[in-house]
Each structure stands twice: as C-alpha cells, then as structure tokens.
file entry_1.cif (mmCIF, C-alpha atoms)
data_run
#
loop_
_atom_site.label_atom_id
_atom_site.label_comp_id
_atom_site.auth_asym_id
_atom_site.auth_seq_id
_atom_site.Cartn_x
_atom_site.Cartn_y
_atom_site.Cartn_z
CA MET P 1 -13.73 41.09 31.50
CA SER P 2 -11.08 39.55 33.63
CA ASN P 3 -11.73 41.56 36.79
CA GLY P 4 -14.92 39.66 37.66
CA ASN P 5 -17.10 42.78 37.44
CA HIS P 6 -19.48 41.74 34.67
CA VAL P 7 -23.27 41.87 34.59
CA SER P 8 -25.89 41.08 31.96
CA ILE P 9 -29.55 41.97 32.28
CA VAL P 10 -32.65 41.58 30.10
CA GLY P 11 -35.52 43.98 30.63
CA ASN P 12 -37.59 46.86 29.28
CA LEU P 13 -36.57 50.50 28.99
CA THR P 14 -38.39 52.64 31.57
CA ARG P 15 -37.67 55.87 29.67
CA ASP P 16 -36.28 57.01 26.34
CA PRO P 17 -32.49 57.27 26.27
CA GLU P 18 -31.22 60.76 27.11
CA LEU P 19 -28.28 61.71 24.89
CA ARG P 20 -25.82 64.35 26.10
CA PHE P 21 -22.31 65.41 25.21
CA THR P 22 -19.38 66.11 27.51
CA PRO P 23 -17.54 69.44 27.12
CA THR P 24 -15.00 67.57 24.96
CA GLY P 25 -17.76 66.31 22.64
CA GLN P 26 -17.96 62.71 23.87
CA ALA P 27 -21.49 61.26 23.63
CA THR P 28 -23.15 59.69 26.67
CA ALA P 29 -26.65 58.26 26.93
CA THR P 30 -28.55 57.18 30.02
CA PHE P 31 -31.73 55.16 30.38
CA GLY P 32 -33.46 52.91 32.88
CA VAL P 33 -34.19 49.20 32.55
CA ALA P 34 -36.82 47.29 34.53
CA VAL P 35 -36.10 43.60 35.04
CA ASN P 36 -39.04 41.40 36.06
CA ARG P 37 -38.72 38.08 37.85
CA ARG P 38 -41.55 35.62 38.42
CA TRP P 39 -41.35 32.41 40.42
CA GLN P 40 -43.58 29.97 42.22
CA ASN P 41 -43.36 29.94 46.02
CA ARG P 42 -42.72 26.31 46.95
CA GLN P 43 -44.57 26.58 50.29
CA THR P 44 -47.75 28.29 49.05
CA ASN P 45 -47.66 27.29 45.34
CA GLU P 46 -48.54 30.94 44.62
CA TRP P 47 -46.83 32.89 41.85
CA GLU P 48 -44.74 35.78 43.13
CA GLU P 49 -42.98 38.51 41.21
CA ALA P 50 -40.51 41.30 41.77
CA THR P 51 -39.18 44.10 39.60
CA SER P 52 -35.67 45.55 39.84
CA PHE P 53 -34.74 48.88 38.28
CA PHE P 54 -31.28 49.64 36.88
CA ASP P 55 -29.76 52.84 35.49
CA VAL P 56 -27.62 52.22 32.39
CA VAL P 57 -24.90 54.52 31.01
CA CYS P 58 -23.52 54.22 27.46
CA TRP P 59 -20.58 56.09 25.94
CA ARG P 60 -19.41 57.18 22.47
CA GLU P 61 -20.91 55.36 19.46
CA LEU P 62 -22.91 53.01 21.68
CA ALA P 63 -24.56 56.05 23.29
CA GLU P 64 -25.48 57.58 19.94
CA ASN P 65 -26.76 54.29 18.52
CA ALA P 66 -28.82 53.58 21.65
CA ALA P 67 -30.36 57.06 21.59
CA GLN P 68 -31.27 56.70 17.93
CA SER P 69 -32.58 53.13 18.14
CA LEU P 70 -34.26 52.62 21.51
CA THR P 71 -37.47 53.97 23.01
CA LYS P 72 -39.36 53.50 26.26
CA GLY P 73 -40.72 49.95 26.46
CA THR P 74 -38.11 48.38 24.17
CA ARG P 75 -36.93 45.02 25.47
CA VAL P 76 -33.11 44.98 25.57
CA VAL P 77 -30.15 42.86 26.57
CA VAL P 78 -27.49 44.92 28.37
CA SER P 79 -24.00 43.67 29.11
CA GLY P 80 -21.45 45.72 31.03
CA ARG P 81 -19.93 46.41 34.41
CA LEU P 82 -21.22 47.78 37.70
CA ASP P 83 -19.90 51.22 38.64
CA GLN P 84 -20.50 53.21 41.81
CA ARG P 85 -20.77 56.97 41.40
CA SER P 86 -20.69 59.46 44.30
CA TRP P 87 -21.54 63.15 44.48
CA GLU P 88 -22.48 65.88 46.93
CA THR P 89 -25.89 67.56 46.90
CA PRO P 90 -26.32 71.36 47.15
CA ASP P 91 -27.18 70.70 50.84
CA HIS P 92 -23.71 69.11 51.26
CA GLU P 93 -25.09 65.57 51.63
CA ARG P 94 -23.03 62.71 50.16
CA ARG P 95 -24.97 60.50 47.76
CA SER P 96 -23.99 57.49 45.72
CA LYS P 97 -25.56 55.06 43.32
CA ILE P 98 -24.62 51.95 41.44
CA GLU P 99 -25.26 51.91 37.71
CA ILE P 100 -24.41 49.68 34.77
CA THR P 101 -21.82 51.04 32.34
CA ALA P 102 -22.77 49.22 29.15
CA ASP P 103 -20.30 47.53 26.83
CA GLU P 104 -23.11 46.17 24.62
CA VAL P 105 -26.82 46.91 24.25
CA ALA P 106 -29.05 44.88 21.93
CA PRO P 107 -32.76 44.50 21.26
CA SER P 108 -34.19 41.26 22.62
CA LEU P 109 -35.50 39.12 19.78
CA ARG P 110 -37.65 36.87 21.98
CA TRP P 111 -40.93 38.53 20.92
CA ALA P 112 -39.78 41.04 18.33
CA THR P 113 -37.72 41.46 15.19
CA ALA P 114 -35.15 44.12 14.46
CA ALA P 115 -33.71 45.55 11.27
CA ILE P 116 -29.94 45.92 11.60
CA THR P 117 -28.27 48.86 9.85
CA LYS P 118 -24.49 49.02 10.04
CA ASN P 119 -23.16 52.54 10.65
CA GLU P 120 -20.29 54.00 8.67
CA ARG P 121 -16.93 53.81 10.45
CA ARG P 122 -16.41 57.15 12.19
CA THR P 123 -13.23 59.17 12.29
CA PRO P 124 -12.26 61.55 15.13
CA GLU P 125 -13.40 64.46 12.93
CA THR P 126 -16.89 63.04 12.25
CA ALA P 127 -17.31 61.74 15.80
CA ALA P 128 -17.08 65.28 17.20
CA ALA P 129 -20.08 66.46 15.17
CA PRO P 130 -23.29 64.68 16.28
CA ALA P 131 -25.61 63.94 13.37
CA TYR P 132 -28.74 63.92 15.56
CA SER P 133 -29.92 64.79 19.02
CA GLY P 134 -31.17 61.34 20.03
CA GLY P 135 -34.52 59.95 21.16
CA GLY P 136 -37.01 58.77 18.61
CA GLY P 137 -36.06 55.76 16.63
CA ARG P 138 -38.15 52.80 15.65
CA SER P 139 -40.37 51.32 18.31
CA VAL P 140 -40.08 47.55 18.76
CA ALA P 141 -43.07 45.56 20.00
CA ASN P 142 -42.18 43.63 23.16
CA GLU P 143 -45.29 41.71 23.98
CA PRO P 144 -45.42 37.91 24.00
CA PRO P 145 -47.41 36.33 21.18
CA ALA P 146 -51.17 36.24 21.79
CA GLY P 147 -52.21 33.40 24.08
CA GLU P 148 -48.67 32.69 25.35
CA THR P 149 -47.44 33.40 28.86
CA TYR P 150 -43.77 33.46 29.75
CA TYR P 151 -42.52 32.62 33.23
CA ASP P 152 -38.93 33.28 34.20
CA GLU P 153 -36.97 30.37 35.59
CA GLU P 154 -37.06 29.84 39.33
CA PRO P 155 -34.15 31.42 41.18
CA PHE P 156 -31.74 28.88 42.65
#

call {"tool": "encode", "arguments": {"input": "entry_1.cif", "output": "structure tokens"}}
result
Amino acid sequence: MSNGNHVSIVGNLTRDPELRFTPTGQATATFGVAVNRRWQNRQTNEWEEATSFFDVVCWRELAENAAQSLTKGTRVVVSGRLDQRSWETPDHERRSKIEITADEVAPSLRWATAAITKNERRTPETAAAPAYSGGGGRSVANEPPAGETYYDEEPF
C-alpha cells in the first residue's frame, strides 16, 4: 500500500462474523477484534494492561471465507487500511467511526494450529450465489500452553 494507510493488528474476535450481501450480491462480513497490550510501568514496576477494540470489514471472497472459518474468540492477524465512515441517525445526528477494511485475515498460529483448505476459483456466475450463510466454522483454541504466560513487548 503506497498511500501510507496500512495497519496490522493481532487480537481475538469479540463476536462471530456477520455475513451480509449487498443488493448487487457482493458479500461483506463484519466482526470485532480486541487487542490486548501489557507492559510494566517503569516508575511503579507494576504490570499494566489496556484493551483496544476494532471493527473489521471484509469484502467478497475474504468475507465469505472469514464467515465460514472464524468464530468468537479466534485469535487472528488482520492487515488492511483504516477507513472512516459517516452516517446520519434517525434523529438527524451526524455520526462517524473508523474501522479496518481488511485485505488479509489469518488465524494466529502462536498457540493454535489451523487446517488450510484451498477454495475453488470462483467465476462471476458462482460468486453471485452464496453457498452458505456464514457463522459456524471450526473453533480454534487460542489459549497459551499450560504454565506459560505471554507478555507483549513494552511500547516505545
């Protein structure tokens, strides 16, 4: 991405992906990702932590694959761009939010394994007819191995 608008996050899904289709039949999936940070306060030597929540949007085949493969709690790596979306509420209030439009979504293999199944190449005719409604999929364990504790690197 040459425009400088690139972000990558690693975190856990806060909800199952929600798969929808535009009026023209284009698939879109949305889900939330929680990213945890943990660091040691240099003044107090106490461990501190913070959680950030991000909304992720996927399109086309990525949306369908995410909806079929991911479930709440799955640890993922998301790479994409930040997009700001604005709308007006029924009370005529302007609202906006920043979300990640994903280019790639992958399971994190730090504490889990994944079975990779390559999909058939889709044509415009087969892409218009969804083969499933999303959700479900195989759950992937995302807990660290017993007895191990992982601490994120200190922020700089």

call {"tool": "resolve_selection", "arguments": {"input": "entry_1.cif", "expression": "the PyMOL selection byres ((chain P and resi 40-57) around 12)", "output": "short mmCIF file (atom, residue, chain, number, x, y, z; two decimals) with C-alpha atoms, in the frame of the given file"}}
result
data_model
loop_
_atom_site.label_atom_id
_atom_site.label_comp_id
_atom_site.auth_asym_id
_atom_site.auth_seq_id
_atom_site.Cartn_x
_atom_site.Cartn_y
_atom_site.Cartn_z
CA VAL P 7 -23.27 41.87 34.59
CA SER P 8 -25.89 41.08 31.96
CA ILE P 9 -29.55 41.97 32.28
CA VAL P 10 -32.65 41.58 30.10
CA GLY P 11 -35.52 43.98 30.63
CA ASN P 12 -37.59 46.86 29.28
CA LEU P 13 -36.57 50.50 28.99
CA THR P 14 -38.39 52.64 31.57
CA ARG P 15 -37.67 55.87 29.67
CA ASP P 16 -36.28 57.01 26.34
CA PRO P 17 -32.49 57.27 26.27
CA GLU P 18 -31.22 60.76 27.11
CA LEU P 19 -28.28 61.71 24.89
CA ARG P 20 -25.82 64.35 26.10
CA ALA P 27 -21.49 61.26 23.63
CA THR P 28 -23.15 59.69 26.67
CA ALA P 29 -26.65 58.26 26.93
CA THR P 30 -28.55 57.18 30.02
CA PHE P 31 -31.73 55.16 30.38
CA GLY P 32 -33.46 52.91 32.88
CA VAL P 33 -34.19 49.20 32.55
CA ALA P 34 -36.82 47.29 34.53
CA VAL P 35 -36.10 43.60 35.04
CA ASN P 36 -39.04 41.40 36.06
CA ARG P 37 -38.72 38.08 37.85
CA ARG P 38 -41.55 35.62 38.42
CA TRP P 39 -41.35 32.41 40.42
CA CYS P 58 -23.52 54.22 27.46
CA TRP P 59 -20.58 56.09 25.94
CA ARG P 60 -19.41 57.18 22.47
CA LEU P 62 -22.91 53.01 21.68
CA ALA P 63 -24.56 56.05 23.29
CA GLU P 64 -25.48 57.58 19.94
CA ALA P 66 -28.82 53.58 21.65
CA ALA P 67 -30.36 57.06 21.59
CA VAL P 76 -33.11 44.98 25.57
CA VAL P 77 -30.15 42.86 26.57
CA VAL P 78 -27.49 44.92 28.37
CA SER P 79 -24.00 43.67 29.11
CA GLY P 80 -21.45 45.72 31.03
CA ARG P 81 -19.93 46.41 34.41
CA LEU P 82 -21.22 47.78 37.70
CA ASP P 83 -19.90 51.22 38.64
CA GLN P 84 -20.50 53.21 41.81
CA ARG P 85 -20.77 56.97 41.40
CA LYS P 97 -25.56 55.06 43.32
CA ILE P 98 -24.62 51.95 41.44
CA GLU P 99 -25.26 51.91 37.71
CA ILE P 100 -24.41 49.68 34.77
CA THR P 101 -21.82 51.04 32.34
CA ALA P 102 -22.77 49.22 29.15
CA ASP P 103 -20.30 47.53 26.83
CA GLU P 104 -23.11 46.17 24.62
CA VAL P 105 -26.82 46.91 24.25
CA TYR P 151 -42.52 32.62 33.23
CA ASP P 152 -38.93 33.28 34.20
CA GLU P 153 -36.97 30.37 35.59
CA GLU P 154 -37.06 29.84 39.33
CA PRO P 155 -34.15 31.42 41.18
CA PHE P 156 -31.74 28.88 42.65
#

call {"tool": "closest_residue", "arguments": {"input": "entry_1.cif", "among": "P:Ser69, P:Thr22, P:Ser96, P:Ser86", "to": "Ala115 in chain P", "atoms": "all atoms listed in the file"}}
result
P:Ser69

call {"tool": "atom_distance", "arguments": {"input": "entry_1.cif", "atom1": "CA of Lys118 in chain P", "atom2": "CA of Pro23 in chain P"}}
result
27.5 Å

call {"tool": "atom_distance", "arguments": {"input": "entry_1.cif", "atom1": "CA of Gly25 in chain P", "atom2": "CA of Thr117 in chain P"}}
result
24.1 Å
